[in-house]
Amino acid sequence: MNGEVILSICAILTLLIFAVGVALVILNRKDLKRVVRVLGVCVFLMLMSGIYPYYHEETYAIGLTLVESMCAMLLNSNPGEILAGFNGFDVAYLGIYKTALLVLLIIAPLFTVGITLSFFSEKFTRIIYRIRSEFSDSYLFSAINERTLCIAEDVAETDRKAVIVFALRISEDDIDAESLARIKDIGAYIISDDVSQLKHSLRRTRNYYLLDTNNSENLEAGLRIYQKYNKEHTDKVNMWIYTKNEITEVIFDYLYETFNVRLINEEGLIARTLATDYPVFDAVKDGRLSILIVGGGHIGLEILRTMTMCSCLGDDVDVDINVIDLNGEKSRDIFEKDSPGLADKWKVKFHSADVKSVALAKVLEGLDPSYIVICLGNETLNMETAIYIRRKYGIENGLPLIHTLVDHKSIDEQIIPNLCVSDWKYNTEHRRFESTPICSFEIKTFGSYEDTYKGLRIGASYRDCLAVAVNAANRGITAVDSQNNAEWLTDLYNQVDFYKDYSDAFAVSIPYKLWLLGLELVDDGDGEVSDLENLLEANIDRLRRNENKRYEAFMRSKGWTQMMPSEVRDGRMGNKLQKKHARIDPQYTKELEEMTGRDFSKEDVRSIMNLPTVIRIANALYGRNYSVRKNKIK
């Protein structure tokens, strides 16, 4: 076989390798490491194919060609000398062939280095992280899921200098393509290691997000991080732990927190956000509020607990609450076990019905709700049920309000605006159908991962600042100053999990307290609270009674039961082990006052009178002033 034929065969083979390489690069374009390796392999294959005609008569052709090519480049030899053997061939494309081969000889060493570095990318990533972490805050995630990705994307958008790391014991090959693409888009690092083992100084803030769906793994990782920083006593470490059980709460209540720890009860977070964004007092009509919850699973029962607390709207508002579930009796039993006595005290009724059957219509016949929450196990089923219920009740004066649980924000952005009923008429002049909108379905969505986890950072939301302010005001602090600065107040807030939860629940209830007075919180930048101060004194008894009832709902929702006055010993009002407290049911207040010599009414009044102080402290922490104004609707 002569040289011209061999040259033509190698040229075709080189082009084929090039085409395959381009296709593989396109398929793996979002994985830089894999692209480098694919290109490196293709370059070397093309180089071997291209230089082969020169050595086709030698037995050691391929191996020696590569070695000689590398040596020529490294020793600054003239690469053209390697091509001298082609001078005897007389083909039309010889000049192009030589040029392409020369380019391959030049870039081959570069890909040699690139491929070598790609196999040590983990080490280089750690080194880069250590360097960058000295100058920027770190956000470290122990899992890759929709929760962590939403937080990471929000961090990348709001803090471009932040260093974002996903540390978990899996390789990039085990991560699904969509998640990997989202991680690459925000410039985050992936390190195959336990999140607690990453090394960095405490010059900058380190934020740990332990949000795996496995509660045990979250707890174990949290304990390792706690042991790592236990002796540091630093305000530079924050940790969020996703949990669905009481074990984590009990452990971190026992361990004195030397850094900030937040326990994330996802259902509770969604429920309180719902109560904040869509307050139930908007559904009060003619002195009546009727709440209907469709779905009695974990999220449905958590919403029910929050609704009992938020439905304390004064003696002149009649409230009824109904829950529909596939097995209503089972839901009631679970609710009674976790929140003893709450269903009976608030007269909650449970109904059994399959939302996919006619049984739902039979249950709805006896109900007239004004505030509806649909939280079944599937967002498509939630939307279908919401549409069915809207058709059932229609809409009059904006009621009933319907709120549907969804997982993804896209439902709200794409589907909801198009849920509109129209009349269609044929226009003979224009020869087309024309619509006349009748009404929108008016379905509000809540609980998407984006809404729930976006801004999950200390001080990122006004409600979070209100909760810190509630905790501070209850301990006699009246303002943010050099001594009681934001860092110290946040550290004080994080020390006891019960007080964190109580303060957040109180923060959720603040708009409801203002509603009782015909007031509302307004983000106007003024920070004026004089309207609230003027009305507090005259309405203090009404507010106190309402707060007593709300506090009872909060305590019972957390599993606490009434301790009888006869059980009080040495002034101890509670038994934390048995979750019993003497000040749950207001009917025992006078008896307790006689026993202890304390004036609980004055103590309750003090917490109500702290409201203006709470709002001022929250304004200072948030950096933007909210005012209290008269409610225009009122």
# chains A, B, ... in the order shown; residues from 1 in each chain; ligands from 1
>>> residues_around(residues="A:Val317", least_positions_apart="3", cutoff="9 Å", atoms="only C-alpha atoms", output="list of chain:residue names")
A:Val284, A:Lys285, A:Asp286, A:Gly287, A:Arg288, A:Leu289, A:Ser311, A:Cys312, A:Leu313, A:Gly314
>>> closest_atom_pairs(of="stretch 295-314 of chain A", to="stretch 270-275 of chain A", cutoff="9 Å", atoms="only C-alpha atoms", output="Markdown table")
| residue | atom | partner | partner_atom | distance |
| --- | --- | --- | --- | --- |
| A:Ile299 | CA | A:Ala271 | CA | 7.6 |
| A:Gly300 | CA | A:Ala271 | CA | 8.6 |
| A:Glu302 | CA | A:Ala271 | CA | 6.5 |
| A:Ile303 | CA | A:Ala271 | CA | 4.8 |
| A:Leu304 | CA | A:Ala271 | CA | 8.4 |
| A:Arg305 | CA | A:Ala271 | CA | 8.6 |
| A:Thr306 | CA | A:Ala271 | CA | 6.3 |
| A:Met307 | CA | A:Ala275 | CA | 7.5 |
| A:Cys310 | CA | A:Ala275 | CA | 7.3 |
>>> select_by_dssp(residues="stretch 74-294 of chain A", states="helix (DSSP H, G or I)", output="ChimeraX atom specification")
/A:74,79-88,94-118,121-133,146-158,172-174,177-185,195-197,215-229,246-254,266-277,280-283
>>> write_last_selection(atoms="C-alpha atoms", output="short mmCIF file (atom, residue, chain, number, x, y, z; two decimals), in the first residue's frame")
data_model
loop_
_atom_site.label_atom_id
_atom_site.label_comp_id
_atom_site.auth_asym_id
_atom_site.auth_seq_id
_atom_site.Cartn_x
_atom_site.Cartn_y
_atom_site.Cartn_z
CA LEU A 74 9.10 20.07 24.99
CA PRO A 79 7.85 20.41 14.65
CA GLY A 80 8.15 20.72 10.91
CA GLU A 81 10.98 18.22 10.94
CA ILE A 82 8.59 15.52 12.00
CA LEU A 83 6.54 16.22 8.88
CA ALA A 84 9.51 15.90 6.51
CA GLY A 85 8.56 12.38 5.58
CA PHE A 86 5.43 13.66 3.81
CA ASN A 87 7.46 15.50 1.16
CA GLY A 88 7.42 12.43 -1.08
CA LEU A 94 -1.15 17.77 1.74
CA GLY A 95 -0.79 21.39 2.88
CA ILE A 96 -4.02 21.25 4.87
CA TYR A 97 -2.97 17.89 6.31
CA LYS A 98 0.36 19.28 7.48
CA THR A 99 -1.28 22.37 9.03
CA ALA A 100 -3.84 20.29 10.93
CA LEU A 101 -1.14 17.94 12.15
CA LEU A 102 0.99 20.85 13.34
CA VAL A 103 -1.97 22.23 15.32
CA LEU A 104 -2.48 18.83 16.95
CA LEU A 105 1.20 18.68 17.89
CA ILE A 106 0.91 22.07 19.58
CA ILE A 107 -2.26 21.46 21.58
CA ALA A 108 -1.52 17.86 22.58
CA PRO A 109 0.71 18.85 25.56
CA LEU A 110 -1.98 21.23 26.76
CA PHE A 111 -4.52 18.44 26.94
CA THR A 112 -1.96 16.21 28.60
CA VAL A 113 -1.82 18.74 31.43
CA GLY A 114 -5.61 19.21 31.38
CA ILE A 115 -6.35 15.49 31.66
CA THR A 116 -3.81 15.11 34.44
CA LEU A 117 -5.32 17.99 36.41
CA SER A 118 -8.86 16.66 35.89
CA SER A 121 -9.67 18.20 40.51
CA GLU A 122 -10.93 17.24 43.99
CA LYS A 123 -7.63 18.37 45.56
CA PHE A 124 -7.57 21.58 43.57
CA THR A 125 -11.21 22.31 44.48
CA ARG A 126 -10.37 21.98 48.17
CA ILE A 127 -7.38 24.30 47.79
CA ILE A 128 -9.45 26.88 45.90
CA TYR A 129 -12.19 26.66 48.55
CA ARG A 130 -9.69 27.21 51.39
CA ILE A 131 -8.33 30.30 49.65
CA ARG A 132 -11.71 31.81 48.75
CA SER A 133 -13.22 31.02 52.16
CA GLU A 146 -34.85 20.83 45.64
CA ARG A 147 -34.55 22.44 49.09
CA THR A 148 -30.79 22.95 48.96
CA LEU A 149 -30.78 23.99 45.31
CA CYS A 150 -33.39 26.70 45.94
CA ILE A 151 -31.36 28.09 48.85
CA ALA A 152 -28.09 27.92 46.90
CA GLU A 153 -29.61 29.71 43.89
CA ASP A 154 -31.00 32.42 46.16
CA VAL A 155 -27.61 32.85 47.84
CA ALA A 156 -25.85 33.08 44.47
CA GLU A 157 -28.32 35.74 43.34
CA THR A 158 -28.15 37.89 46.48
CA GLU A 172 -20.51 13.85 40.24
CA ASP A 173 -21.46 10.86 38.10
CA ASP A 174 -24.14 9.96 40.67
CA ALA A 177 -28.00 15.96 35.00
CA GLU A 178 -30.54 18.67 35.87
CA SER A 179 -29.23 19.17 39.41
CA LEU A 180 -25.63 19.13 38.19
CA ALA A 181 -26.44 21.78 35.59
CA ARG A 182 -28.07 24.01 38.23
CA ILE A 183 -25.03 23.64 40.49
CA LYS A 184 -22.68 24.55 37.64
CA ASP A 185 -24.81 27.55 36.67
CA VAL A 195 -19.63 18.34 55.20
CA SER A 196 -18.27 18.47 58.75
CA GLN A 197 -14.76 17.60 57.55
CA ASN A 215 -33.46 12.75 59.57
CA SER A 216 -30.88 10.44 61.13
CA GLU A 217 -28.14 11.54 58.75
CA ASN A 218 -28.96 15.18 59.42
CA LEU A 219 -28.79 14.62 63.16
CA GLU A 220 -25.48 12.75 62.96
CA ALA A 221 -23.93 15.45 60.77
CA GLY A 222 -25.27 18.13 63.12
CA LEU A 223 -23.66 16.46 66.12
CA ARG A 224 -20.32 16.20 64.31
CA ILE A 225 -20.43 19.90 63.49
CA TYR A 226 -21.44 20.67 67.09
CA GLN A 227 -18.43 18.74 68.39
CA LYS A 228 -16.19 20.51 65.89
CA TYR A 229 -17.17 24.01 67.10
CA GLU A 246 -38.65 15.24 68.31
CA ILE A 247 -35.28 13.53 68.79
CA THR A 248 -33.27 16.35 67.25
CA GLU A 249 -35.20 18.96 69.23
CA VAL A 250 -34.56 17.16 72.52
CA ILE A 251 -30.85 16.70 71.81
CA PHE A 252 -30.18 20.28 70.81
CA ASP A 253 -32.25 21.53 73.70
CA TYR A 254 -29.91 19.64 76.01
CA GLU A 266 -40.82 21.94 56.86
CA GLU A 267 -44.54 21.46 57.47
CA GLY A 268 -44.47 24.03 60.28
CA LEU A 269 -42.53 26.46 58.10
CA ILE A 270 -45.07 26.13 55.30
CA ALA A 271 -48.02 26.45 57.67
CA ARG A 272 -46.77 29.63 59.34
CA THR A 273 -45.81 31.17 56.00
CA LEU A 274 -49.35 30.45 54.78
CA ALA A 275 -50.80 32.14 57.88
CA THR A 276 -48.51 35.13 57.33
CA ASP A 277 -49.00 35.57 53.57
CA VAL A 280 -57.39 34.01 57.93
CA PHE A 281 -58.90 37.30 59.15
CA ASP A 282 -59.35 38.19 55.46
CA ALA A 283 -61.99 35.44 55.33
#
>>> atom_distance(atom1="atom CA of A:Asp531", atom2="atom CA of A:Lys630")
7.3 Å
>>> select_by_dssp(residues="stretch 411-583 of chain A", states="strand (DSSP E)", output="ChimeraX atom specification")
/A:420-427,432-440,443-446,519-522,561-562,574-575,580-581
>>> closest_residue(among="A:Arg432, A:Lys444, A:Arg556, A:Arg616", to="A:Ile402", atoms="only C-alpha atoms")
A:Lys444
>>> closest_residue(among="A:Pro586, A:Pro612, A:Gly518, A:Gly476", to="A:Arg550", atoms="only C-alpha atoms")
A:Pro586
>>> closest_residue(among="A:Glu442, A:Asp491, A:Asp570, A:Asp325", to="A:Val363", atoms="only C-alpha atoms")
A:Asp325
>>> residues_around(residues="A:His581", least_positions_apart="5", cutoff="9 Å", atoms="only C-alpha atoms", output="list in words")
Met555, Trp560, Thr561, Gln562, Met563, Met564, Met573, Gly574, Asn575 and Lys576 of chain A
>>> write_last_selection(atoms="C-alpha atoms", output="mmCIF file, in the first residue's frame")
data_model
loop_
_atom_site.group_PDB
_atom_site.id
_atom_site.type_symbol
_atom_site.label_atom_id
_atom_site.label_comp_id
_atom_site.auth_asym_id
_atom_site.auth_seq_id
_atom_site.Cartn_x
_atom_site.Cartn_y
_atom_site.Cartn_z
ATOM 1 C CA MET A 555 -48.928 24.973 73.811
ATOM 2 C CA TRP A 560 -48.300 20.177 76.186
ATOM 3 C CA THR A 561 -51.201 19.396 78.496
ATOM 4 C CA GLN A 562 -52.694 21.104 81.530
ATOM 5 C CA MET A 563 -50.943 20.675 84.871
ATOM 6 C CA MET A 564 -53.490 20.921 87.650
ATOM 7 C CA MET A 573 -45.268 25.814 86.839
ATOM 8 C CA GLY A 574 -44.181 23.149 84.362
ATOM 9 C CA ASN A 575 -42.937 19.611 83.971
ATOM 10 C CA LYS A 576 -40.833 19.552 80.825
#
>>> atom_distance(atom1="atom CA of A:Arg204", atom2="atom CA of A:Ala507")
29.5 Å
>>> closest_residue(among="A:Val468, A:Leu621, A:Ala473, A:Met383", to="A:Leu492", atoms="only C-alpha atoms")
A:Val468
>>> atom_distance(atom1="atom CA of A:Val406", atom2="atom CA of A:Ser440")
18.7 Å
>>> residues_around(residues="A:Phe433", least_positions_apart="4", cutoff="12 Å", atoms="only C-alpha atoms", output="PyMOL selection string")
chain A and resi 422-429
>>> residues_around(residues="A:Leu360", least_positions_apart="6", cutoff="10 Å", atoms="only C-alpha atoms", output="list of chain:residue names")
A:Val294, A:Ile324, A:Asp325, A:Leu326, A:His351, A:Ser352, A:Ala353, A:Asp354, A:Thr385, A:Tyr388, A:Ile389
>>> write_last_selection(atoms="N, CA and C atoms", output="CSV table (one decimal), in the first residue's frame")
chain,number,residue,atom,x,y,z
A,294,VAL,N,-58.5,20.4,53.4
A,294,VAL,CA,-58.7,19.1,52.7
A,294,VAL,C,-57.4,18.4,52.6
A,324,ILE,N,-61.1,17.3,56.1
A,324,ILE,CA,-61.5,16.2,55.2
A,324,ILE,C,-60.3,15.4,54.9
A,325,ASP,N,-60.3,14.1,55.1
A,325,ASP,CA,-59.2,13.2,54.8
A,325,ASP,C,-59.8,11.8,54.4
A,326,LEU,N,-59.0,11.1,53.7
A,326,LEU,CA,-59.4,9.7,53.2
A,326,LEU,C,-59.9,8.9,54.4
A,351,HIS,N,-63.8,14.6,58.9
A,351,HIS,CA,-64.7,13.9,58.0
A,351,HIS,C,-63.9,12.9,57.1
A,352,SER,N,-64.4,11.8,56.8
A,352,SER,CA,-63.8,10.8,55.9
A,352,SER,C,-64.4,10.9,54.5
A,353,ALA,N,-63.5,11.1,53.5
A,353,ALA,CA,-64.0,11.2,52.1
A,353,ALA,C,-62.8,11.0,51.1
A,354,ASP,N,-63.1,10.3,50.1
A,354,ASP,CA,-62.1,10.2,49.0
A,354,ASP,C,-62.4,11.4,48.0
A,385,THR,N,-58.7,19.3,42.7
A,385,THR,CA,-59.6,19.4,43.9
A,385,THR,C,-60.0,20.9,44.1
A,388,TYR,N,-62.5,21.8,41.5
A,388,TYR,CA,-63.8,21.2,41.8
A,388,TYR,C,-64.5,22.0,42.9
A,389,ILE,N,-63.8,22.4,43.9
A,389,ILE,CA,-64.4,23.1,45.1
A,389,ILE,C,-64.8,24.5,44.7
>>> closest_residue(among="A:Ser557, A:Asn327, A:Asn378, A:Asn397", to="A:Asp501", atoms="only C-alpha atoms")
A:Ser557
>>> closest_residue(among="A:His403, A:Arg332, A:Lys199, A:Lys500", to="A:Leu292", atoms="only C-alpha atoms")
A:His403
>>> residues_around(residues="A:Tyr208", least_positions_apart="2", cutoff="7 Å", atoms="only C-alpha atoms", output="NGL selection string")
:A and (139-141 or 206 or 210 or 238-240)
